[in-house]
Amino acid sequence: MRQLRWGLFASSFAVLAFAGAASAETIKVGVIATFSGPNAIWGKQFREAIQVYAAEHGTEVNGNTVEFIYKDVGGPNPDASKAAAQELLIREGVKYLAGFDFTPNAMAVAPLINQAKVPAVIFNAATSAINEQSEYFLRTSFTLWQVTVPIAQWAADNGAKKVITAVTDYNPGVDAESAFVSAFEEKGGTIVDKIRMPLQTTDFAPFMQRIKNSGADAVFAFLPAGPATFAFTKAYNENGLKEAGITFYGTGETDETTIDALGDQAIGLTTAYHYSGVHDSDLNRSFTAKLEEMFPQSRANLASVGAYDGVHLIYKMIEAAGTDGEKAIESSKGLSWESPRGLISIDPDSRHVIQNVYIRRVERAENGSLVNREFDTVENVPDLGFSR
Amino acid sequence: MSRESTIDNVRTSLPIAKTHWPLVFLTLGACAAFLLFPYDLGFMTRILIMMVFVISFDLILGYAGIATLGHAAMYGCGAYAAGLFAVHISPDPLLGLASGAAMGALIAFVSGLLLMRAHGLSLLMLSIAVTMVLQEIASKARDVTGGADGLTGISMGPILGVFEFDFIGKTAYWYAFCALFVILALLRILVASPFGLALRGIKDSSSRMRAIGTPVYWRKVTAYVIAGAIAGIAGALSAQITSLVSVEVFNFALSAEVMVMLVLGGSGRLYGALIGTLVFMTVHHVAASIDPFNWLFAIGFMVLGIVFFLPDGLISLPKRIRRMIGAVR
Amino acid sequence: MTIALSILVDGVAYGMILFMISVGLSVTMGLMRIVNLAHGGFALLGGAFAHVLTVWYSVPFIAALAISVTAVTFLAIPLERLVYRRIYRFGELEQVLATIGIVFVVIAGVNLFLGSTLLPIRMPPEVSSPVDIGFKVLPLHRIIVILAGLAVVAALYLLVEQTRFGIYLRAAVDNQDTAASLGINTSKVYLAAFALGAALAAIGGILGAELLPIEAYYPLRYMVLFLIVVAVGGLGSIVGSFLAALSLGILDTAGRYLLPDMGTIFFFLAITALLAVRPNGLLVKPS
């Protein structure tokens, strides 16, 4: 009897909560990301960039207050991601989802957003195939094809003849390898060898030996950020590859949040990416200055800009469509704006961001920290991996 | 670990099997949770699935005394089996569960032939190695499993042709609950049977059991296969309810967490597994939502507190309190 | 031929790092018989101290190493008196739970003060310069680690096998009551052995950081690796751990040279085969 009464009590609350959401005074955005565990940096960067955007642009759009609700999933964990999305959609009545650092976490919510017709803006997860899972996925980060094809072409145009690829043996690594090989060979270059390194690798010396023996004049590498990249770039220097004149080409290995840990050995590494913390534009300078003012320990990286632009996109969708998910998605297609990374737009087909990809080299900046200095640009690159 | 003798265990286990209160409590608890937390069904379903997984581990660790750190092997195989079954053969959930159970049992049998000969540290390491190999295979067989992106395209049909999986997750919750209920009921019969008693005997003294003619090795393999089938069901439930399987199902951390949850609750009693899972996951969930950066403190101190002050696990708490009250009187 | 030599050299260099990072565990788990999953926690603390000293305060590497190891040792002493003394008497499962609880607290502590990103330890630049040894190039720090590993295994061998402390320790582990009745102060012996294990963990964490970089989740990320070395080496044998670390290093390196695509599978299958044949470690024939 008592339980029954509690049940009634709870369900009356449920009715109230739904009613509250429907009156649309406050539009809630659920942010699903990793705020704890070894990958907590993703959630931290997302949250800080969101707060910077809100500080700059206010929390009101067309008279509606925008509220962000954060849910931690503790790493790549599709079970937790789906449960978090359910809770956000049902209890909080969120009208937009956002975040998603890891591919499986994004994939797991596809059926839910299809049913609920709620747009989900991906701030990071970089597998092309995600956007094919649902019409409601939008993405403001990058895909591996998008940044890898430019570095392959640029390398071919700038003297690289024989390249060896060394990638971590998991989906993103294999994506990067296929993209590099196809683009580089198209340009007439030769791939002398392809190495796939086990995900568990801690000692890269054996691979360095193989790279050296291959006779390549450059190596293209892809590794997950963190310990693996740290150990790989260390091995690259310490085993004399740099001395032997083998150029390093990469993509996100020189991430701003880990680059200082790499130290001097990172200087001179050449990478192609869509964002550098020292991108030369007024908007980027004001963005990074605001970030530093609000969070003195932080540095802007790809996650920050992905979240910053993602929030911008959500604000624009709210402006155009309020809480109507279908209309919001339509309104986002073809939208273009200036981001801290340069001019970007949403590709109507893939719902992924079209953006410049910059060729950068690691330098030591005047304030002593290491930065990715952009020196060449490949303009308006779409997601080259979509429906491949 | 257990200071009680086999005789005592027999004496205490038989009456428990006769009372049905625990199953009644479980059912009432599930109903109450359903009514009280209507928005947390997704999370509570994950707890129920984890309970299925942890009781399967209790069968081998708590009853047979086999300590492994690779229980995720069977969970993961069950998840992939059910996922692939749904994608390629049939969307029927119950057949999917059966395929998960079969795969869990199969992998437990094959690896168990080797593992059940080992003891102590080398058993721990062998079980880890098996899981690592499976994870690597799942990660490399991208064409079949989707690799690190996850196995997608799982869409489930209605249960028994009637109950559709709904958006809010009501069906999923009751589905997981029914699976837990049935497995628990069967396990209660199993642990009170001569087979269950033999397992306890093996845990207390395998040489004595061998002396009275029990085929110790085959009993252990059998227990491992049964536990593997149940773990496979847990994995299958997770695959069906999330509609996605990722290589993380084979994570070492999952195997380790299962052990922590079981010992926390109290091993060798099926309800200890349930309580340990409930408390661990709830504390984790609440602490992580209050302070995602520092929740590990809460878990760490909780684990330390229990191991120092309640060495027999949470399930011994009422007994402790009763004893304390008795001492005061 | 060059390949074989390369495998040998790289394998030994890697194996020596494996030895250094797990030697503390061979003391606490191997000799003292505690399932000490918190081993990586002490390595993490050592590495975190070294990070703070070298990066924040620009302390020279050698001095930072000495200060960090001393600091970890002095942290280990009260921890042993207050917590570990009770853990010794627990069953194995309770030891697992208690030490994993300690790991969680250590991780959360480092995470709170230093965050969850990489914590590099600054070394003199010469240490990472390549050294040409004829048929291949080897980083200088690998050579340093090889020498350090040899020194540690020799010193530990002498300590455990040849000194009074070693005899006391083995007696205390075998039978605490008998050892005590013979006049051995078992409590002090345990304390000393535990502090030694913690100090070695810290040294290993710092010297191994070039390969296994320090970050808050270090103890969990590499737990399997530490355990494998001790399990393959066999409990109670420092020399066994040493040989195990070298063979595992060579095995893993060979896998990366010859079968890079199957790397991890090959490594773990080999360990499975090894443990199936020698369940009590490399040096112990199954009874």
# chains A, B, ... in the order shown; residues from 1 in each chain; ligands from 1

call {"tool": "closest_atom_pairs", "arguments": {"of": "chain C", "to": "chain A", "cutoff": "9 Å", "atoms": "only C-alpha atoms", "output": "tab-separated table"}}
result
residue	atom	partner	partner_atom	distance
C:Ser6	CA	A:Pro206	CA	8.0
C:Ile7	CA	A:Pro206	CA	7.6
C:Asp10	CA	A:Ala205	CA	6.8
C:Gly11	CA	A:Pro206	CA	8.8
C:Tyr14	CA	A:Asp203	CA	7.0
C:Gly115	CA	A:Ile41	CA	8.6
C:Ser116	CA	A:Pro38	CA	6.2
C:Thr117	CA	A:Thr258	CA	7.0
C:Leu118	CA	A:Ala261	CA	6.4
C:Leu119	CA	A:Ala261	CA	6.8
C:Pro120	CA	A:Ala261	CA	5.3
C:Ile121	CA	A:Ala261	CA	8.4
C:Arg122	CA	A:Gly263	CA	8.5
C:Pro125	CA	A:Asp264	CA	8.9
C:Ser128	CA	A:Glu238	CA	5.6
C:Ser129	CA	A:Glu238	CA	5.6
C:Pro130	CA	A:Glu238	CA	5.0
C:Val131	CA	A:Asn239	CA	8.3
C:Lys136	CA	A:Gln209	CA	8.3
C:Val137	CA	A:Asn239	CA	5.8
C:Leu138	CA	A:Asn239	CA	6.0
C:Pro139	CA	A:Glu238	CA	5.1
C:Leu140	CA	A:Glu238	CA	8.1
C:Glu210	CA	A:Ala231	CA	6.9
C:Leu211	CA	A:Ala231	CA	5.6
C:Leu212	CA	A:Thr202	CA	6.5
C:Pro213	CA	A:Pro227	CA	5.9
C:Ile214	CA	A:Pro227	CA	8.4
C:Glu215	CA	A:Pro38	CA	8.3
C:Ala216	CA	A:Pro38	CA	7.3
C:Tyr217	CA	A:Pro38	CA	5.8
C:Tyr218	CA	A:Pro38	CA	9.0
C:Thr253	CA	A:Pro206	CA	6.5
C:Ala254	CA	A:Pro206	CA	8.4
C:Arg256	CA	A:Pro206	CA	6.2
C:Tyr257	CA	A:Pro206	CA	5.8
C:Pro260	CA	A:Met197	CA	6.4
C:Asp261	CA	A:Arg196	CA	6.1
C:Met262	CA	A:Pro198	CA	7.8
C:Gly263	CA	A:Pro198	CA	6.0
C:Thr264	CA	A:Pro198	CA	6.3

call {"tool": "interface_residues", "arguments": {"of": "chain A", "to": "chain B", "cutoff": "7 Å", "atoms": "only C-alpha atoms", "output": "number ranges by chain"}}
result
A: 3, 6-7, 10, 35-36, 72, 78-79, 82-83, 86-87, 90-91, 103-104, 108, 170-171

call {"tool": "closest_atom_pairs", "arguments": {"of": "chain C", "to": "chain B", "cutoff": "9 Å", "atoms": "only C-alpha atoms", "output": "JSON lines"}}
result
{"residue": "C:Arg86", "atom": "CA", "partner": "B:Phe308", "partner_atom": "CA", "distance": 8.4}
{"residue": "C:Ile87", "atom": "CA", "partner": "B:Phe308", "partner_atom": "CA", "distance": 8.6}
{"residue": "C:Phe90", "atom": "CA", "partner": "B:Met1", "partner_atom": "CA", "distance": 8.3}
{"residue": "C:Gly91", "atom": "CA", "partner": "B:Met1", "partner_atom": "CA", "distance": 5.4}
{"residue": "C:Glu92", "atom": "CA", "partner": "B:Met1", "partner_atom": "CA", "distance": 7.7}
{"residue": "C:Leu93", "atom": "CA", "partner": "B:Val263", "partner_atom": "CA", "distance": 7.2}
{"residue": "C:Glu94", "atom": "CA", "partner": "B:Val307", "partner_atom": "CA", "distance": 6.3}
{"residue": "C:Gln95", "atom": "CA", "partner": "B:Val307", "partner_atom": "CA", "distance": 8.5}
{"residue": "C:Val96", "atom": "CA", "partner": "B:Val260", "partner_atom": "CA", "distance": 8.2}
{"residue": "C:Leu97", "atom": "CA", "partner": "B:Val260", "partner_atom": "CA", "distance": 6.1}
{"residue": "C:Ala98", "atom": "CA", "partner": "B:Leu304", "partner_atom": "CA", "distance": 5.4}
{"residue": "C:Thr99", "atom": "CA", "partner": "B:Leu304", "partner_atom": "CA", "distance": 8.2}
{"residue": "C:Ile100", "atom": "CA", "partner": "B:Gly300", "partner_atom": "CA", "distance": 7.6}
{"residue": "C:Gly101", "atom": "CA", "partner": "B:Gly300", "partner_atom": "CA", "distance": 4.3}
{"residue": "C:Ile102", "atom": "CA", "partner": "B:Gly300", "partner_atom": "CA", "distance": 6.4}
{"residue": "C:Val103", "atom": "CA", "partner": "B:Gly300", "partner_atom": "CA", "distance": 7.5}
{"residue": "C:Phe104", "atom": "CA", "partner": "B:Gly300", "partner_atom": "CA", "distance": 4.9}
{"residue": "C:Val105", "atom": "CA", "partner": "B:Gly300", "partner_atom": "CA", "distance": 5.2}
{"residue": "C:Val106", "atom": "CA", "partner": "B:Phe297", "partner_atom": "CA", "distance": 8.5}
{"residue": "C:Ile107", "atom": "CA", "partner": "B:Leu296", "partner_atom": "CA", "distance": 7.7}
{"residue": "C:Ala108", "atom": "CA", "partner": "B:Leu296", "partner_atom": "CA", "distance": 5.5}
{"residue": "C:Gly109", "atom": "CA", "partner": "B:Phe297", "partner_atom": "CA", "distance": 7.7}
{"residue": "C:Asn111", "atom": "CA", "partner": "B:Phe293", "partner_atom": "CA", "distance": 7.7}
{"residue": "C:Leu112", "atom": "CA", "partner": "B:Asn294", "partner_atom": "CA", "distance": 6.8}
{"residue": "C:Gly115", "atom": "CA", "partner": "B:Phe293", "partner_atom": "CA", "distance": 8.9}
{"residue": "C:Leu220", "atom": "CA", "partner": "B:Ala253", "partner_atom": "CA", "distance": 8.1}
{"residue": "C:Val224", "atom": "CA", "partner": "B:Ile128", "partner_atom": "CA", "distance": 7.9}
{"residue": "C:Leu227", "atom": "CA", "partner": "B:Met125", "partner_atom": "CA", "distance": 7.4}
{"residue": "C:Ile228", "atom": "CA", "partner": "B:Met125", "partner_atom": "CA", "distance": 6.5}
{"residue": "C:Val230", "atom": "CA", "partner": "B:Leu121", "partner_atom": "CA", "distance": 9.0}
{"residue": "C:Ala231", "atom": "CA", "partner": "B:Ser122", "partner_atom": "CA", "distance": 6.1}
{"residue": "C:Val232", "atom": "CA", "partner": "B:Ser122", "partner_atom": "CA", "distance": 7.9}
{"residue": "C:Gly234", "atom": "CA", "partner": "B:Ser122", "partner_atom": "CA", "distance": 8.9}
{"residue": "C:Leu235", "atom": "CA", "partner": "B:Leu121", "partner_atom": "CA", "distance": 8.6}
{"residue": "C:Met262", "atom": "CA", "partner": "B:Glu136", "partner_atom": "CA", "distance": 8.7}
{"residue": "C:Thr264", "atom": "CA", "partner": "B:Glu136", "partner_atom": "CA", "distance": 7.0}
{"residue": "C:Ile265", "atom": "CA", "partner": "B:Val133", "partner_atom": "CA", "distance": 5.1}
{"residue": "C:Phe266", "atom": "CA", "partner": "B:Val133", "partner_atom": "CA", "distance": 8.4}
{"residue": "C:Phe267", "atom": "CA", "partner": "B:Val133", "partner_atom": "CA", "distance": 8.9}
{"residue": "C:Phe268", "atom": "CA", "partner": "B:Ala129", "partner_atom": "CA", "distance": 5.3}
{"residue": "C:Leu269", "atom": "CA", "partner": "B:Ala129", "partner_atom": "CA", "distance": 7.2}
{"residue": "C:Ile271", "atom": "CA", "partner": "B:Ala129", "partner_atom": "CA", "distance": 7.3}
{"residue": "C:Thr272", "atom": "CA", "partner": "B:Leu126", "partner_atom": "CA", "distance": 5.7}
{"residue": "C:Leu275", "atom": "CA", "partner": "B:Ser122", "partner_atom": "CA", "distance": 6.3}
{"residue": "C:Ala276", "atom": "CA", "partner": "B:Leu114", "partner_atom": "CA", "distance": 7.3}
{"residue": "C:Arg278", "atom": "CA", "partner": "B:Ser122", "partner_atom": "CA", "distance": 9.0}
{"residue": "C:Pro279", "atom": "CA", "partner": "B:Ser122", "partner_atom": "CA", "distance": 5.7}
{"residue": "C:Asn280", "atom": "CA", "partner": "B:Ser122", "partner_atom": "CA", "distance": 7.0}
{"residue": "C:Gly281", "atom": "CA", "partner": "B:Ser122", "partner_atom": "CA", "distance": 8.3}

call {"tool": "residues_around", "arguments": {"residues": "Gly161 of chain B", "least_positions_apart": "5", "cutoff": "12 Å", "atoms": "only C-alpha atoms", "output": "list of chain:residue names"}}
result
B:Pro91, B:Asp92, B:Pro93, B:Leu94, B:Leu95, B:Met156

call {"tool": "write_last_selection", "arguments": {"atoms": "N, CA and C atoms", "output": "mmCIF file, in the first residue's frame"}}
result
data_model
loop_
_atom_site.group_PDB
_atom_site.id
_atom_site.type_symbol
_atom_site.label_atom_id
_atom_site.label_comp_id
_atom_site.auth_asym_id
_atom_site.auth_seq_id
_atom_site.Cartn_x
_atom_site.Cartn_y
_atom_site.Cartn_z
ATOM 1 N N PRO B 91 15.997 -11.471 -34.925
ATOM 2 C CA PRO B 91 15.893 -10.408 -33.925
ATOM 3 C C PRO B 91 15.209 -10.862 -32.636
ATOM 4 N N ASP B 92 14.909 -12.145 -32.513
ATOM 5 C CA ASP B 92 14.189 -12.594 -31.329
ATOM 6 C C ASP B 92 15.077 -12.505 -30.091
ATOM 7 N N PRO B 93 14.635 -11.792 -29.057
ATOM 8 C CA PRO B 93 15.507 -11.588 -27.895
ATOM 9 C C PRO B 93 15.847 -12.882 -27.150
ATOM 10 N N LEU B 94 14.857 -13.751 -26.965
ATOM 11 C CA LEU B 94 15.131 -14.930 -26.144
ATOM 12 C C LEU B 94 16.092 -15.886 -26.845
ATOM 13 N N LEU B 95 15.915 -16.041 -28.153
ATOM 14 C CA LEU B 95 16.885 -16.855 -28.893
ATOM 15 C C LEU B 95 18.267 -16.217 -28.798
ATOM 16 N N MET B 156 16.173 -5.158 -32.034
ATOM 17 C CA MET B 156 15.526 -6.295 -31.408
ATOM 18 C C MET B 156 14.043 -6.343 -31.748
#

call {"tool": "closest_residue", "arguments": {"among": "B:Tyr175, B:Phe280, B:Tyr224, B:Phe309", "to": "Ala236 of chain B", "atoms": "only C-alpha atoms"}}
result
B:Tyr175

call {"tool": "select_by_dssp", "arguments": {"residues": "segment 35-232 of chain C", "states": "helix (DSSP H, G or I)", "output": "number ranges by chain"}}
result
C: 39-56, 61-87, 92-114, 125-128, 140-162, 164-174, 176-181, 186-210, 218-221, 223-232

call {"tool": "residues_around", "arguments": {"residues": "Ile346 of chain A", "least_positions_apart": "6", "cutoff": "12 Å", "atoms": "only C-alpha atoms", "output": "list in words"}}
result
Val121, Phe137, Leu138, Arg139, Thr140, Ser141, Phe142, Asp309, Gly310, Leu313, Ile329, Glu330, Ser331, Ser332, Lys333, Gly334, Leu335, Ser336, Trp337, Glu338, His352, Val353, Ile354, Gln355, Asn380, Val381, Pro382 and Asp383 of chain A

call {"tool": "atom_distance", "arguments": {"atom1": "atom CA of Glu25 of chain A", "atom2": "atom CA of Ser134 of chain A"}}
result
27.9 Å

call {"tool": "decode", "arguments": {"residues": "segment 87-111 of chain C", "atoms": "N, CA and C atoms", "output": "PDB file, in the first residue's frame"}}
result
ATOM      1  N   ILE C  87      46.519  -5.815   6.865  1.00  0.00           N
ATOM      2  CA  ILE C  87      46.270  -6.495   5.590  1.00  0.00           C
ATOM      3  C   ILE C  87      47.027  -7.824   5.515  1.00  0.00           C
ATOM      4  N   TYR C  88      48.216  -7.895   6.126  1.00  0.00           N
ATOM      5  CA  TYR C  88      48.995  -9.137   6.073  1.00  0.00           C
ATOM      6  C   TYR C  88      48.153 -10.337   6.479  1.00  0.00           C
ATOM      7  N   ARG C  89      47.280 -10.128   7.462  1.00  0.00           N
ATOM      8  CA  ARG C  89      46.546 -11.274   8.026  1.00  0.00           C
ATOM      9  C   ARG C  89      45.290 -11.605   7.236  1.00  0.00           C
ATOM     10  N   PHE C  90      44.920 -10.746   6.309  1.00  0.00           N
ATOM     11  CA  PHE C  90      43.713 -11.000   5.521  1.00  0.00           C
ATOM     12  C   PHE C  90      43.889 -12.208   4.606  1.00  0.00           C
ATOM     13  N   GLY C  91      42.735 -12.749   4.156  1.00  0.00           N
ATOM     14  CA  GLY C  91      42.787 -13.722   3.072  1.00  0.00           C
ATOM     15  C   GLY C  91      43.119 -13.009   1.780  1.00  0.00           C
ATOM     16  N   GLU C  92      43.410 -13.793   0.731  1.00  0.00           N
ATOM     17  CA  GLU C  92      43.855 -13.186  -0.530  1.00  0.00           C
ATOM     18  C   GLU C  92      42.820 -12.216  -1.111  1.00  0.00           C
ATOM     19  N   LEU C  93      41.547 -12.612  -1.052  1.00  0.00           N
ATOM     20  CA  LEU C  93      40.526 -11.767  -1.666  1.00  0.00           C
ATOM     21  C   LEU C  93      40.398 -10.440  -0.955  1.00  0.00           C
ATOM     22  N   GLU C  94      40.465 -10.507   0.379  1.00  0.00           N
ATOM     23  CA  GLU C  94      40.367  -9.264   1.138  1.00  0.00           C
ATOM     24  C   GLU C  94      41.596  -8.400   0.862  1.00  0.00           C
ATOM     25  N   GLN C  95      42.744  -9.063   0.624  1.00  0.00           N
ATOM     26  CA  GLN C  95      43.942  -8.287   0.265  1.00  0.00           C
ATOM     27  C   GLN C  95      43.745  -7.577  -1.071  1.00  0.00           C
ATOM     28  N   VAL C  96      43.154  -8.312  -2.018  1.00  0.00           N
ATOM     29  CA  VAL C  96      42.867  -7.694  -3.319  1.00  0.00           C
ATOM     30  C   VAL C  96      42.015  -6.445  -3.116  1.00  0.00           C
ATOM     31  N   LEU C  97      40.950  -6.607  -2.320  1.00  0.00           N
ATOM     32  CA  LEU C  97      40.010  -5.507  -2.131  1.00  0.00           C
ATOM     33  C   LEU C  97      40.677  -4.333  -1.418  1.00  0.00           C
ATOM     34  N   ALA C  98      41.426  -4.650  -0.351  1.00  0.00           N
ATOM     35  CA  ALA C  98      42.041  -3.576   0.429  1.00  0.00           C
ATOM     36  C   ALA C  98      43.064  -2.820  -0.412  1.00  0.00           C
ATOM     37  N   THR C  99      43.916  -3.556  -1.142  1.00  0.00           N
ATOM     38  CA  THR C  99      44.965  -2.850  -1.876  1.00  0.00           C
ATOM     39  C   THR C  99      44.386  -2.119  -3.083  1.00  0.00           C
ATOM     40  N   ILE C 100      43.302  -2.638  -3.645  1.00  0.00           N
ATOM     41  CA  ILE C 100      42.692  -1.912  -4.757  1.00  0.00           C
ATOM     42  C   ILE C 100      42.034  -0.633  -4.227  1.00  0.00           C
ATOM     43  N   GLY C 101      41.511  -0.702  -3.004  1.00  0.00           N
ATOM     44  CA  GLY C 101      40.977   0.507  -2.374  1.00  0.00           C
ATOM     45  C   GLY C 101      42.065   1.555  -2.220  1.00  0.00           C
ATOM     46  N   ILE C 102      43.261   1.111  -1.797  1.00  0.00           N
ATOM     47  CA  ILE C 102      44.387   2.045  -1.653  1.00  0.00           C
ATOM     48  C   ILE C 102      44.745   2.653  -3.007  1.00  0.00           C
ATOM     49  N   VAL C 103      44.756   1.809  -4.050  1.00  0.00           N
ATOM     50  CA  VAL C 103      45.054   2.317  -5.395  1.00  0.00           C
ATOM     51  C   VAL C 103      44.073   3.420  -5.777  1.00  0.00           C
ATOM     52  N   PHE C 104      42.778   3.169  -5.539  1.00  0.00           N
ATOM     53  CA  PHE C 104      41.771   4.168  -5.906  1.00  0.00           C
ATOM     54  C   PHE C 104      42.067   5.497  -5.211  1.00  0.00           C
ATOM     55  N   VAL C 105      42.394   5.408  -3.921  1.00  0.00           N
ATOM     56  CA  VAL C 105      42.625   6.636  -3.168  1.00  0.00           C
ATOM     57  C   VAL C 105      43.870   7.355  -3.702  1.00  0.00           C
ATOM     58  N   VAL C 106      44.922   6.592  -4.005  1.00  0.00           N
ATOM     59  CA  VAL C 106      46.149   7.220  -4.538  1.00  0.00           C
ATOM     60  C   VAL C 106      45.849   7.893  -5.878  1.00  0.00           C
ATOM     61  N   ILE C 107      45.133   7.185  -6.754  1.00  0.00           N
ATOM     62  CA  ILE C 107      44.810   7.756  -8.058  1.00  0.00           C
ATOM     63  C   ILE C 107      44.001   9.043  -7.880  1.00  0.00           C
ATOM     64  N   ALA C 108      42.984   8.958  -7.023  1.00  0.00           N
ATOM     65  CA  ALA C 108      42.137  10.134  -6.820  1.00  0.00           C
ATOM     66  C   ALA C 108      42.961  11.286  -6.264  1.00  0.00           C
ATOM     67  N   GLY C 109      43.918  10.978  -5.387  1.00  0.00           N
ATOM     68  CA  GLY C 109      44.758  12.017  -4.807  1.00  0.00           C
ATOM     69  C   GLY C 109      45.619  12.697  -5.858  1.00  0.00           C
ATOM     70  N   VAL C 110      46.303  11.885  -6.684  1.00  0.00           N
ATOM     71  CA  VAL C 110      47.150  12.464  -7.730  1.00  0.00           C
ATOM     72  C   VAL C 110      46.292  13.253  -8.708  1.00  0.00           C
ATOM     73  N   ASN C 111      45.134  12.706  -9.034  1.00  0.00           N
ATOM     74  CA  ASN C 111      44.204  13.358  -9.949  1.00  0.00           C
ATOM     75  C   ASN C 111      43.767  14.715  -9.404  1.00  0.00           C
TER      76      ASN C 111
END
